[in-house]
Structure formats: structure tokens, C-alpha cells
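Reproduced below: protein.pdb, with PDB, C-alpha atoms.
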```
MODEL        1
ATOM      1  CA  MET A 207      68.616 -40.059  67.365
ATOM      2  CA  MET A 208      67.693 -43.718  67.585
ATOM      3  CA  ARG A 209      66.215 -44.337  71.015
ATOM      4  CA  VAL A 210      65.807 -47.455  73.136
ATOM      5  CA  ASP A 211      62.909 -47.812  75.553
ATOM      6  CA  ALA A 212      64.338 -49.865  78.420
ATOM      7  CA  HIS A 213      61.022 -50.635  80.122
ATOM      8  CA  GLN A 214      57.614 -51.344  78.600
ATOM      9  CA  HIS A 215      54.870 -53.958  78.974
ATOM     10  CA  PHE A 216      52.337 -55.925  76.953
ATOM     11  CA  TRP A 217      49.551 -58.045  78.386
ATOM     12  CA  ARG A 218      46.537 -60.078  77.277
ATOM     13  CA  LEU A 219      43.821 -60.328  79.924
ATOM     14  CA  ALA A 220      42.534 -63.715  78.777
ATOM     15  CA  ARG A 221      45.840 -65.274  79.838
ATOM     16  CA  GLY A 222      44.579 -64.916  83.403
ATOM     17  CA  ASP A 223      47.756 -64.670  85.521
ATOM     18  CA  TYR A 224      47.879 -60.917  86.182
ATOM     19  CA  GLY A 225      46.771 -60.925  89.786
ATOM     20  CA  TRP A 226      47.076 -57.145  90.161
ATOM     21  CA  LEU A 227      45.175 -56.395  86.957
ATOM     22  CA  THR A 228      41.499 -56.164  87.916
ATOM     23  CA  PRO A 229      38.659 -53.812  86.872
ATOM     24  CA  ALA A 230      39.888 -51.530  89.658
ATOM     25  CA  ALA A 231      42.896 -50.768  87.412
ATOM     26  CA  GLY A 232      40.578 -48.665  85.268
ATOM     27  CA  ALA A 233      42.004 -47.770  81.859
ATOM     28  CA  LEU A 234      44.717 -50.407  82.228
ATOM     29  CA  TYR A 235      42.150 -53.202  82.379
ATOM     30  CA  ARG A 236      42.275 -54.181  78.718
ATOM     31  CA  ASP A 237      44.682 -55.852  76.337
ATOM     32  CA  PHE A 238      47.838 -53.938  75.419
ATOM     33  CA  GLU A 239      49.708 -55.528  72.535
ATOM     34  CA  PRO A 240      52.349 -54.488  69.977
ATOM     35  CA  ALA A 241      49.866 -52.955  67.555
ATOM     36  CA  ASP A 242      48.778 -50.539  70.295
ATOM     37  CA  LEU A 243      52.315 -49.180  70.710
ATOM     38  CA  THR A 244      53.719 -49.116  67.177
ATOM     39  CA  ALA A 245      52.561 -45.605  66.220
ATOM     40  CA  ALA A 246      53.960 -44.080  69.417
ATOM     41  CA  LEU A 247      57.338 -45.756  68.838
ATOM     42  CA  VAL A 248      57.557 -44.419  65.294
ATOM     43  CA  GLN A 249      56.608 -40.921  66.446
ATOM     44  CA  ALA A 250      59.250 -41.022  69.186
ATOM     45  CA  ASP A 251      62.051 -42.550  67.052
ATOM     46  CA  VAL A 252      62.185 -45.500  69.437
ATOM     47  CA  CYS A 253      63.389 -48.480  67.427
ATOM     48  CA  ALA A 254      64.058 -50.978  70.184
ATOM     49  CA  THR A 255      62.424 -51.832  73.494
ATOM     50  CA  VAL A 256      62.944 -54.055  76.509
ATOM     51  CA  LEU A 257      59.705 -55.906  77.247
ATOM     52  CA  VAL A 258      59.258 -56.447  80.991
ATOM     53  CA  GLN A 259      57.119 -59.034  82.763
ATOM     54  CA  ALA A 260      53.804 -58.039  84.334
ATOM     55  CA  ALA A 261      52.725 -61.393  85.810
ATOM     56  CA  PRO A 262      54.509 -63.671  88.307
ATOM     57  CA  SER A 263      54.576 -66.736  86.088
ATOM     58  CA  GLU A 264      56.945 -68.484  83.722
ATOM     59  CA  ALA A 265      54.004 -68.939  81.361
ATOM     60  CA  GLU A 266      53.892 -65.182  80.873
ATOM     61  CA  SER A 267      57.620 -65.154  80.128
ATOM     62  CA  HIS A 268      57.011 -67.657  77.314
ATOM     63  CA  PHE A 269      54.212 -65.412  76.022
ATOM     64  CA  LEU A 270      56.691 -62.501  75.944
ATOM     65  CA  PHE A 271      59.223 -64.655  74.068
ATOM     66  CA  GLU A 272      56.572 -65.317  71.413
ATOM     67  CA  LEU A 273      55.980 -61.592  71.043
ATOM     68  CA  ALA A 274      59.721 -60.962  70.742
ATOM     69  CA  ARG A 275      60.017 -63.558  67.985
ATOM     70  CA  ALA A 276      57.165 -61.914  66.080
ATOM     71  CA  HIS A 277      58.193 -58.259  66.546
ATOM     72  CA  PRO A 278      61.843 -57.358  65.894
ATOM     73  CA  PHE A 279      61.613 -54.047  67.764
ATOM     74  CA  ILE A 280      61.483 -56.077  71.011
ATOM     75  CA  ALA A 281      65.230 -56.319  71.547
ATOM     76  CA  GLY A 282      65.021 -58.101  74.881
ATOM     77  CA  VAL A 283      62.709 -59.576  77.501
ATOM     78  CA  VAL A 284      62.854 -59.346  81.288
ATOM     79  CA  GLY A 285      61.007 -62.409  82.533
ATOM     80  CA  TRP A 286      60.033 -64.009  85.832
ATOM     81  CA  VAL A 287      61.105 -67.043  87.860
ATOM     82  CA  ALA A 288      60.307 -67.911  91.477
ATOM     83  CA  PHE A 289      63.675 -67.066  93.055
ATOM     84  CA  ASP A 290      62.812 -68.932  96.241
ATOM     85  CA  ALA A 291      61.824 -72.184  94.505
ATOM     86  CA  PRO A 292      64.036 -75.221  95.234
ATOM     87  CA  GLN A 293      64.778 -75.636  91.525
ATOM     88  CA  ALA A 294      65.277 -71.932  90.766
ATOM     89  CA  PRO A 295      68.723 -72.279  89.106
ATOM     90  CA  GLU A 296      67.464 -75.027  86.797
ATOM     91  CA  ARG A 297      64.338 -73.008  85.983
ATOM     92  CA  ILE A 298      66.450 -69.950  85.148
ATOM     93  CA  ARG A 299      68.704 -71.918  82.813
ATOM     94  CA  ALA A 300      65.702 -73.581  81.147
ATOM     95  CA  LEU A 301      63.959 -70.240  80.611
ATOM     96  CA  ALA A 302      67.101 -68.743  79.080
ATOM     97  CA  ARG A 303      67.340 -71.669  76.641
ATOM     98  CA  ALA A 304      63.654 -71.446  75.729
ATOM     99  CA  SER A 305      63.941 -67.739  74.951
ATOM    100  CA  GLY A 306      66.259 -68.269  72.002
ATOM    101  CA  GLY A 307      68.430 -65.431  73.246
ATOM    102  CA  SER A 308      65.698 -62.875  73.917
ATOM    103  CA  LEU A 309      65.804 -63.276  77.710
ATOM    104  CA  LYS A 310      67.998 -60.469  79.055
ATOM    105  CA  GLY A 311      66.931 -60.313  82.693
ATOM    106  CA  LEU A 312      64.620 -61.507  85.447
ATOM    107  CA  ARG A 313      62.362 -59.612  87.827
ATOM    108  CA  PRO A 314      60.663 -60.930  90.957
ATOM    109  CA  MET A 315      57.854 -58.562  91.955
ATOM    110  CA  VAL A 316      59.455 -57.525  95.237
ATOM    111  CA  GLN A 317      57.376 -54.355  95.545
ATOM    112  CA  ASP A 318      54.372 -56.509  96.467
ATOM    113  CA  LEU A 319      56.153 -58.335  99.302
ATOM    114  CA  GLN A 320      55.582 -57.176 102.868
ATOM    115  CA  ASP A 321      58.869 -58.586 104.148
ATOM    116  CA  PRO A 322      61.393 -55.763 103.617
ATOM    117  CA  ASP A 323      64.273 -58.226 104.035
ATOM    118  CA  TRP A 324      63.133 -60.804 101.470
ATOM    119  CA  LEU A 325      65.880 -59.904  98.996
ATOM    120  CA  ALA A 326      68.570 -60.567 101.588
ATOM    121  CA  ARG A 327      67.444 -64.124 102.390
ATOM    122  CA  PRO A 328      70.319 -66.611 101.972
ATOM    123  CA  ALA A 329      67.874 -69.066 100.373
ATOM    124  CA  LEU A 330      67.879 -66.839  97.274
ATOM    125  CA  ASP A 331      71.646 -67.114  96.774
ATOM    126  CA  PRO A 332      71.455 -69.989  94.232
ATOM    127  CA  ALA A 333      69.023 -68.039  92.038
ATOM    128  CA  PHE A 334      71.274 -64.987  91.963
ATOM    129  CA  GLU A 335      74.313 -67.114  91.205
ATOM    130  CA  ALA A 336      72.356 -68.623  88.298
ATOM    131  CA  LEU A 337      71.620 -65.107  87.006
ATOM    132  CA  ILE A 338      75.330 -64.352  86.947
ATOM    133  CA  GLU A 339      76.096 -67.702  85.304
ATOM    134  CA  SER A 340      73.468 -67.061  82.613
ATOM    135  CA  ASP A 341      74.645 -63.446  82.068
ATOM    136  CA  LEU A 342      71.247 -62.015  82.974
ATOM    137  CA  VAL A 343      70.317 -58.690  84.548
ATOM    138  CA  PHE A 344      68.449 -58.490  87.836
ATOM    139  CA  ASP A 345      65.625 -55.935  87.588
ATOM    140  CA  ALA A 346      64.920 -54.685  91.115
ATOM    141  CA  LEU A 347      61.238 -53.764  91.342
ATOM    142  CA  VAL A 348      61.279 -52.453  94.894
ATOM    143  CA  ARG A 349      59.990 -49.728  97.152
ATOM    144  CA  PRO A 350      62.147 -47.646  99.516
ATOM    145  CA  ARG A 351      61.599 -50.110 102.378
ATOM    146  CA  HIS A 352      63.374 -52.803 100.336
ATOM    147  CA  LEU A 353      66.493 -50.769  99.510
ATOM    148  CA  PRO A 354      68.609 -51.898 102.515
ATOM    149  CA  ALA A 355      68.026 -55.551 101.580
ATOM    150  CA  LEU A 356      68.875 -54.752  97.955
ATOM    151  CA  ALA A 357      72.159 -53.211  99.118
ATOM    152  CA  ALA A 358      72.934 -56.364 101.105
ATOM    153  CA  ARG A 359      72.175 -58.540  98.075
ATOM    154  CA  LEU A 360      74.447 -56.512  95.811
ATOM    155  CA  ARG A 361      77.291 -56.691  98.324
ATOM    156  CA  ARG A 362      76.911 -60.477  98.334
ATOM    157  CA  HIS A 363      77.123 -60.666  94.526
ATOM    158  CA  PRO A 364      79.495 -57.958  93.243
ATOM    159  CA  GLN A 365      79.486 -59.519  89.754
ATOM    160  CA  LEU A 366      75.694 -59.229  89.421
ATOM    161  CA  ARG A 367      74.433 -56.825  86.766
ATOM    162  CA  ALA A 368      71.423 -55.092  88.319
ATOM    163  CA  VAL A 369      69.125 -52.162  87.635
ATOM    164  CA  LEU A 370      66.756 -50.299  89.923
ATOM    165  CA  ASP A 371      63.319 -50.064  88.323
ATOM    166  CA  HIS A 372      61.508 -46.732  88.585
ATOM    167  CA  ALA A 373      64.249 -45.307  90.841
ATOM    168  CA  GLY A 374      62.901 -47.421  93.699
ATOM    169  CA  LYS A 375      59.523 -45.636  93.614
ATOM    170  CA  PRO A 376      60.294 -42.719  95.963
ATOM    171  CA  GLU A 377      57.459 -40.606  97.289
ATOM    172  CA  PRO A 378      57.814 -37.090  95.877
ATOM    173  CA  ALA A 379      57.212 -35.262  99.168
ATOM    174  CA  ALA A 380      60.452 -33.787 100.544
ATOM    175  CA  HIS A 381      60.054 -35.382 103.976
ATOM    176  CA  ALA A 382      59.557 -38.830 102.445
ATOM    177  CA  ALA A 383      62.307 -38.542  99.836
ATOM    178  CA  ALA A 384      65.145 -37.703 102.223
ATOM    179  CA  PRO A 385      65.781 -41.282 103.508
ATOM    180  CA  TRP A 386      65.415 -42.555  99.936
ATOM    181  CA  ALA A 387      68.087 -40.113  98.743
ATOM    182  CA  GLU A 388      70.510 -41.341 101.396
ATOM    183  CA  GLN A 389      69.908 -44.947 100.373
ATOM    184  CA  ILE A 390      70.345 -44.074  96.691
ATOM    185  CA  ALA A 391      73.676 -42.421  97.457
ATOM    186  CA  ASP A 392      74.810 -45.538  99.332
ATOM    187  CA  LEU A 393      73.718 -47.919  96.567
ATOM    188  CA  ALA A 394      75.401 -45.871  93.847
ATOM    189  CA  ARG A 395      78.621 -45.583  95.832
ATOM    190  CA  THR A 396      78.937 -49.185  96.994
ATOM    191  CA  SER A 397      77.695 -51.138  93.967
ATOM    192  CA  THR A 398      77.551 -51.125  90.176
ATOM    193  CA  LEU A 399      73.753 -50.764  90.216
ATOM    194  CA  TYR A 400      72.101 -48.984  87.286
ATOM    195  CA  CYS A 401      68.867 -46.992  87.564
ATOM    196  CA  LYS A 402      65.853 -46.578  85.289
ATOM    197  CA  LEU A 403      64.420 -43.134  84.676
ATOM    198  CA  SER A 404      60.930 -44.591  84.477
ATOM    199  CA  GLY A 405      57.718 -45.037  86.423
ATOM    200  CA  LEU A 406      57.992 -41.651  88.151
ATOM    201  CA  LEU A 407      54.929 -39.895  86.762
ATOM    202  CA  THR A 408      52.547 -42.393  88.339
ATOM    203  CA  GLU A 409      54.022 -41.581  91.751
ATOM    204  CA  VAL A 410      53.080 -37.877  91.547
ATOM    205  CA  PRO A 411      49.653 -36.175  91.324
ATOM    206  CA  THR A 412      47.839 -36.103  87.998
ATOM    207  CA  GLY A 413      48.941 -33.160  85.882
ATOM    208  CA  ALA A 414      52.261 -32.704  87.685
ATOM    209  CA  GLY A 415      55.123 -31.629  85.458
ATOM    210  CA  ALA A 416      58.888 -31.560  85.583
ATOM    211  CA  ALA A 417      58.960 -29.521  88.794
ATOM    212  CA  ALA A 418      57.400 -32.403  90.745
ATOM    213  CA  LEU A 419      60.243 -34.694  89.673
ATOM    214  CA  GLU A 420      63.084 -32.198  89.862
ATOM    215  CA  ARG A 421      64.499 -33.198  93.238
ATOM    216  CA  ILE A 422      64.276 -36.915  92.517
ATOM    217  CA  VAL A 423      65.932 -36.665  89.091
ATOM    218  CA  ALA A 424      68.658 -34.380  90.409
ATOM    219  CA  THR A 425      69.475 -36.970  93.069
ATOM    220  CA  LEU A 426      69.666 -39.762  90.507
ATOM    221  CA  PHE A 427      72.063 -37.951  88.206
ATOM    222  CA  ARG A 428      74.192 -36.678  91.071
ATOM    223  CA  HIS A 429      74.860 -40.199  92.323
ATOM    224  CA  PHE A 430      74.546 -42.522  89.322
ATOM    225  CA  GLY A 431      75.682 -40.215  86.545
ATOM    226  CA  PRO A 432      74.305 -40.505  82.991
ATOM    227  CA  GLU A 433      76.383 -43.608  82.260
ATOM    228  CA  ARG A 434      74.289 -45.630  84.758
ATOM    229  CA  ILE A 435      70.842 -44.183  84.026
ATOM    230  CA  LEU A 436      68.561 -45.499  81.277
ATOM    231  CA  TRP A 437      65.183 -44.218  80.159
ATOM    232  CA  GLY A 438      62.034 -46.334  80.083
ATOM    233  CA  SER A 439      58.460 -45.432  79.240
ATOM    234  CA  ASP A 440      56.705 -47.862  81.606
ATOM    235  CA  TRP A 441      54.014 -47.977  78.913
ATOM    236  CA  PRO A 442      51.098 -48.581  79.228
ATOM    237  CA  VAL A 443      51.138 -47.771  82.957
ATOM    238  CA  VAL A 444      52.395 -44.277  82.136
ATOM    239  CA  THR A 445      49.170 -43.575  80.233
ATOM    240  CA  LEU A 446      47.450 -43.073  83.578
ATOM    241  CA  ARG A 447      49.290 -39.730  83.693
ATOM    242  CA  ALA A 448      50.552 -38.897  80.203
ATOM    243  CA  SER A 449      50.930 -40.163  76.669
ATOM    244  CA  TYR A 450      54.069 -41.950  75.520
ATOM    245  CA  GLY A 451      55.284 -38.823  73.744
ATOM    246  CA  GLN A 452      54.507 -36.512  76.653
ATOM    247  CA  TRP A 453      56.588 -38.582  79.070
ATOM    248  CA  LEU A 454      59.431 -38.771  76.536
ATOM    249  CA  ASP A 455      59.413 -34.977  76.123
ATOM    250  CA  LEU A 456      59.370 -34.471  79.886
ATOM    251  CA  ALA A 457      62.228 -36.923  80.380
ATOM    252  CA  LEU A 458      64.244 -35.208  77.638
ATOM    253  CA  GLU A 459      63.720 -31.871  79.368
ATOM    254  CA  LEU A 460      64.924 -33.289  82.687
ATOM    255  CA  VAL A 461      67.979 -34.988  81.167
ATOM    256  CA  ARG A 462      68.990 -31.851  79.258
ATOM    257  CA  ARG A 463      68.857 -29.935  82.504
ATOM    258  CA  HIS A 464      70.683 -32.431  84.714
ATOM    259  CA  ALA A 465      72.995 -34.188  82.233
ATOM    260  CA  PRO A 466      73.351 -31.891  79.212
ATOM    261  CA  GLY A 467      75.071 -33.538  76.282
ATOM    262  CA  HIS A 468      74.375 -37.051  77.563
ATOM    263  CA  GLU A 469      71.028 -37.715  75.912
ATOM    264  CA  ASP A 470      72.454 -40.523  73.777
ATOM    265  CA  GLU A 471      73.660 -42.313  76.892
ATOM    266  CA  VAL A 472      70.363 -42.146  78.768
ATOM    267  CA  PHE A 473      68.068 -42.801  75.819
ATOM    268  CA  ARG A 474      70.101 -45.492  74.059
ATOM    269  CA  HIS A 475      73.640 -46.514  74.923
ATOM    270  CA  THR A 476      73.195 -47.340  78.612
ATOM    271  CA  ALA A 477      70.321 -49.724  77.887
ATOM    272  CA  VAL A 478      72.257 -51.399  75.072
ATOM    273  CA  ARG A 479      75.289 -51.837  77.315
ATOM    274  CA  LEU A 480      73.420 -53.069  80.391
ATOM    275  CA  TYR A 481      71.125 -55.553  78.654
ATOM    276  CA  ARG A 482      73.631 -56.506  75.929
ATOM    277  CA  LEU A 483      71.110 -55.625  73.227
ATOM    278  CA  ASP A 484      71.779 -56.148  69.529
ATOM    279  CA  VAL A 485      70.146 -53.144  67.884
ATOM    280  CA  SER A 486      72.449 -52.840  64.876
ATOM    281  CA  SER A 487      69.813 -54.033  62.404
ATOM    282  CA  LEU A 488      67.287 -51.556  63.795
ATOM    283  CA  ALA A 489      69.578 -48.533  63.632
ATOM    284  CA  GLN A 490      69.144 -48.165  59.897
ATOM    285  CA  GLY A 491      66.246 -45.957  58.894
ATOM    286  CA  CYS A 492      65.052 -45.413  62.436
ATOM    287  CA  SER A 493      62.250 -43.071  61.438
ATOM    288  CA  SER A 494      60.503 -46.056  59.851
ATOM    289  CA  CYS A 495      60.947 -48.345  62.853
ATOM    290  CA  PRO A 496      59.647 -50.612  64.141
TER     291      PRO A 496
ENDMDL
END
```
Reformat the file's structure so that it appears as C-alpha cells.
Amino acid sequence: MMRVDAHQHFWRLARGDYGWLTPAAGALYRDFEPADLTAALVQADVCATVLVQAAPSEAESHFLFELARAHPFIAGVVGWVAFDAPQAPERIRALARASGGSLKGLRPMVQDLQDPDWLARPALDPAFEALIESDLVFDALVRPRHLPALAARLRRHPQLRAVLDHAGKPEPAAHAAAPWAEQIADLARTSTLYCKLSGLLTEVPTGAGAAALERIVATLFRHFGPERILWGSDWPVVTLRASYGQWLDLALELVRRHAPGHEDEVFRHTAVRLYRLDVSSLAQGCSSCP
């Protein structure tokens, strides 16, 4: 089965705009580039990826475009623009042109914002309208406290294609996950939001297995269904808990339990459909990709 990884990162420390990436990040505080991931992709039969921004700068987006031009397995890029800038629509259109078609979405780093209502600010309306105009996906990197504002934003723009990164980063404890589950049910019911099965291992204790994620994954499939869930590795962040292959195996186990027979949807087709990826040239001889 040819797989698509809908969420992975590369970074080069010398570029200097990764504010969160300091020596305190431990094993993540080094360069991660395509050569570091190639063997894992081949082993996992992943022939296409979506490369997601890790720095809040347009300069980093241009760096990701360069990587996409040099490495065909990068089927799309999710970049960054300041949504609250006065010239946000113009910046979005310019970035899309500069990408040569590789820009598939944009992601403000909302998880780092203290204001839980930031996403609902009317001042952001022009940026979201520009996303729709440019046929780009909105990647919602949020925490549970931001979910009500996300729901308000999606109601305001019913045509917006959007995906929830890392399931909204719920805390695994039962008492903490209950409000999150209610919000997830509301989002799935009242919008066309998609959801990434990604970034979950780093929210649970080291060494935790499928059981620690069972309740969260069951909630996702109950409300979104396999046709709106797409798998992502969140590499290299995932390496803080598991290898690329270990997370893939765990995700496969969870999908087979909660959406049996829908592996192709979660691990390929949903990502292709959401991001409008052209993976036809990569589908041939997948075992030798990328």
C-alpha cells in the first residue's frame, strides 16, 4: 500500500527563526533534513509527504519550497503567513505564486497564543478569505482552549478547507479529555473539518502504547469517520517517544481496531483529497520511493 504522511517537518538550525527550538529541546536540537528521513520512508512504504512549517516566518516557507523542488517525495508544503498583518491577503497570494504550486496550506502557530479567542477575531477575516480564494487548507495547530474560537471561525467560513492538527492536542487523562470530546463532537457535526491522527504520542508518558490513546482515537473515529481522518508522523518530534516505524505500526493497529477496512483512506486517500496532492508519479514502484 502506498502511504502518504500528511504531517512532517524539516529544519536547519543555522536559519535562526525557530524560536521554540533551543538546547532545552534536547534531541530535537539539531538539523533534520531529507536525508535523515529517506530510509524511514522507504521502510514504511511512504512515497509522499506534506512538509509543515516549524517557524513563524515567510522565509522558512521559502526554505520549504526549495526542499520541495529538490525532493519529489514532498508532495506539498504547509507554510506560514502572519494572518493579522494588514497585507495578509497579498502576502498569501504572493507566497502561493512563489511556491510554484507546492503550497497547499497555511498554519499560524495558534497553540503558542495565550488569547483563546484569537482565531475568532474579525481582523483575521481577510486572511481566511484569501485562503479560500487561493484554494489553500487551513491547518489548525491549537490546544483544547482554542477549539471554541476555531468552531466560530469555521462557521464564518463554511467554504474553508481546514484540518485539526494532532487532534487538538487533548490531554490523555479521562477528566481532561471529556470537555475536549464534547468540542470534537460539535466541530465534526457542524463543520467540514478534517482531523490528523498525529502528534498524540508526545502528549502521553514515555513508553505508553495503544491503550493510552484508545479513548482519544475512538472519539475521533466516532465523530469524524475514516473519510475525514488522515495520518501524519509528526517526524521528527515523534522521535521523542518512538521511531517513525513504531508510530506507524501503532497507528495501523489503532485504525484496524476503530475503522477496519479503511486503512487506505486514513493512510493515503484522505490526505490526497484534502490537500489536492498529485501523487500519481510516485505511486509506481512505491517500495523504491522516495
As an exercise, work out the distance from atom CA of A:Leu257 to atom CA of A:Gly225 in Å and give it to one decimal place. 18.7 Å
Go through the shown structure with the PyMOL selection byres ((chain A and resi 475) around 12) and write out the matching residues as a PyMOL selection string. chain A and resi 207-212+254+432-437+468-474+476-486
What is the distance, in Å and to one decimal place, between atom CA of A:Glu409 and atom CA of A:Phe430? 20.7 Å
Protein/DNA/RNA residues near (47.9, -69.3, 78.6), cut 12 Å, only C-alpha atoms, as a PyMOL selection string: chain A and resi 217-224+261+263-270+272
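Taking atom CA of A:Tyr450 and atom CA of A:His372 as endpoints, the distance between them is 15.8 Å.
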When the PyMOL selection byres ((chain A and resi 241) around 12) is applied to the file above, which residues end up in the set, as a PDB file with C-alpha atoms, in the coordinates of the input?
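Written output follows (result_36.pdb):
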```
ATOM      1  CA  PHE A 216      52.337 -55.925  76.953  1.00  0.00           C
ATOM      2  CA  TRP A 217      49.551 -58.045  78.386  1.00  0.00           C
ATOM      3  CA  ASP A 237      44.682 -55.852  76.337  1.00  0.00           C
ATOM      4  CA  PHE A 238      47.838 -53.938  75.419  1.00  0.00           C
ATOM      5  CA  GLU A 239      49.708 -55.528  72.535  1.00  0.00           C
ATOM      6  CA  PRO A 240      52.349 -54.488  69.977  1.00  0.00           C
ATOM      7  CA  ASP A 242      48.778 -50.539  70.295  1.00  0.00           C
ATOM      8  CA  LEU A 243      52.315 -49.180  70.710  1.00  0.00           C
ATOM      9  CA  THR A 244      53.719 -49.116  67.177  1.00  0.00           C
ATOM     10  CA  ALA A 245      52.561 -45.605  66.220  1.00  0.00           C
ATOM     11  CA  ALA A 246      53.960 -44.080  69.417  1.00  0.00           C
ATOM     12  CA  LEU A 247      57.338 -45.756  68.838  1.00  0.00           C
ATOM     13  CA  VAL A 248      57.557 -44.419  65.294  1.00  0.00           C
ATOM     14  CA  LEU A 273      55.980 -61.592  71.043  1.00  0.00           C
ATOM     15  CA  ALA A 276      57.165 -61.914  66.080  1.00  0.00           C
ATOM     16  CA  HIS A 277      58.193 -58.259  66.546  1.00  0.00           C
ATOM     17  CA  PHE A 279      61.613 -54.047  67.764  1.00  0.00           C
ATOM     18  CA  PRO A 496      59.647 -50.612  64.141  1.00  0.00           C
TER      19      PRO A 496
END
```
Selection: 9 Å around stretch 387-402 of chain A, only C-alpha atoms, excl. self and same-chain fewer than 6 positions, as a PDB file with C-alpha atoms, in the frame of the given file:
```pdb
ATOM      1  CA  ALA A 212      64.338 -49.865  78.420  1.00  0.00           C
ATOM      2  CA  HIS A 213      61.022 -50.635  80.122  1.00  0.00           C
ATOM      3  CA  PRO A 350      62.147 -47.646  99.516  1.00  0.00           C
ATOM      4  CA  LEU A 353      66.493 -50.769  99.510  1.00  0.00           C
ATOM      5  CA  PRO A 354      68.609 -51.898 102.515  1.00  0.00           C
ATOM      6  CA  LEU A 356      68.875 -54.752  97.955  1.00  0.00           C
ATOM      7  CA  ALA A 357      72.159 -53.211  99.118  1.00  0.00           C
ATOM      8  CA  LEU A 360      74.447 -56.512  95.811  1.00  0.00           C
ATOM      9  CA  ARG A 361      77.291 -56.691  98.324  1.00  0.00           C
ATOM     10  CA  PRO A 364      79.495 -57.958  93.243  1.00  0.00           C
ATOM     11  CA  GLN A 365      79.486 -59.519  89.754  1.00  0.00           C
ATOM     12  CA  LEU A 366      75.694 -59.229  89.421  1.00  0.00           C
ATOM     13  CA  ARG A 367      74.433 -56.825  86.766  1.00  0.00           C
ATOM     14  CA  ALA A 368      71.423 -55.092  88.319  1.00  0.00           C
ATOM     15  CA  VAL A 369      69.125 -52.162  87.635  1.00  0.00           C
ATOM     16  CA  LEU A 370      66.756 -50.299  89.923  1.00  0.00           C
ATOM     17  CA  ASP A 371      63.319 -50.064  88.323  1.00  0.00           C
ATOM     18  CA  HIS A 372      61.508 -46.732  88.585  1.00  0.00           C
ATOM     19  CA  ALA A 373      64.249 -45.307  90.841  1.00  0.00           C
ATOM     20  CA  GLY A 374      62.901 -47.421  93.699  1.00  0.00           C
ATOM     21  CA  PRO A 376      60.294 -42.719  95.963  1.00  0.00           C
ATOM     22  CA  ILE A 422      64.276 -36.915  92.517  1.00  0.00           C
ATOM     23  CA  THR A 425      69.475 -36.970  93.069  1.00  0.00           C
ATOM     24  CA  LEU A 426      69.666 -39.762  90.507  1.00  0.00           C
ATOM     25  CA  ARG A 428      74.192 -36.678  91.071  1.00  0.00           C
ATOM     26  CA  HIS A 429      74.860 -40.199  92.323  1.00  0.00           C
ATOM     27  CA  PHE A 430      74.546 -42.522  89.322  1.00  0.00           C
ATOM     28  CA  GLU A 433      76.383 -43.608  82.260  1.00  0.00           C
ATOM     29  CA  ARG A 434      74.289 -45.630  84.758  1.00  0.00           C
ATOM     30  CA  ILE A 435      70.842 -44.183  84.026  1.00  0.00           C
ATOM     31  CA  LEU A 436      68.561 -45.499  81.277  1.00  0.00           C
ATOM     32  CA  TRP A 437      65.183 -44.218  80.159  1.00  0.00           C
ATOM     33  CA  GLY A 438      62.034 -46.334  80.083  1.00  0.00           C
ATOM     34  CA  THR A 476      73.195 -47.340  78.612  1.00  0.00           C
ATOM     35  CA  LEU A 480      73.420 -53.069  80.391  1.00  0.00           C
TER      36      LEU A 480
END
```
Long-range neighbours of A:Val444 as a list in words, 12 Å cut-off, only C-alpha atoms, 3 positions minimum in chain: His213, Gln214, His215, Ala233, Leu234, His372, Ser404, Gly405, Leu406, Leu407, Thr408, Glu409, Val410, Thr412, Gly438, Ser439, Asp440, Trp441, Arg447, Ala448, Ser449, Tyr450, Gly451, Gln452, Trp453 and Leu454 of chain A
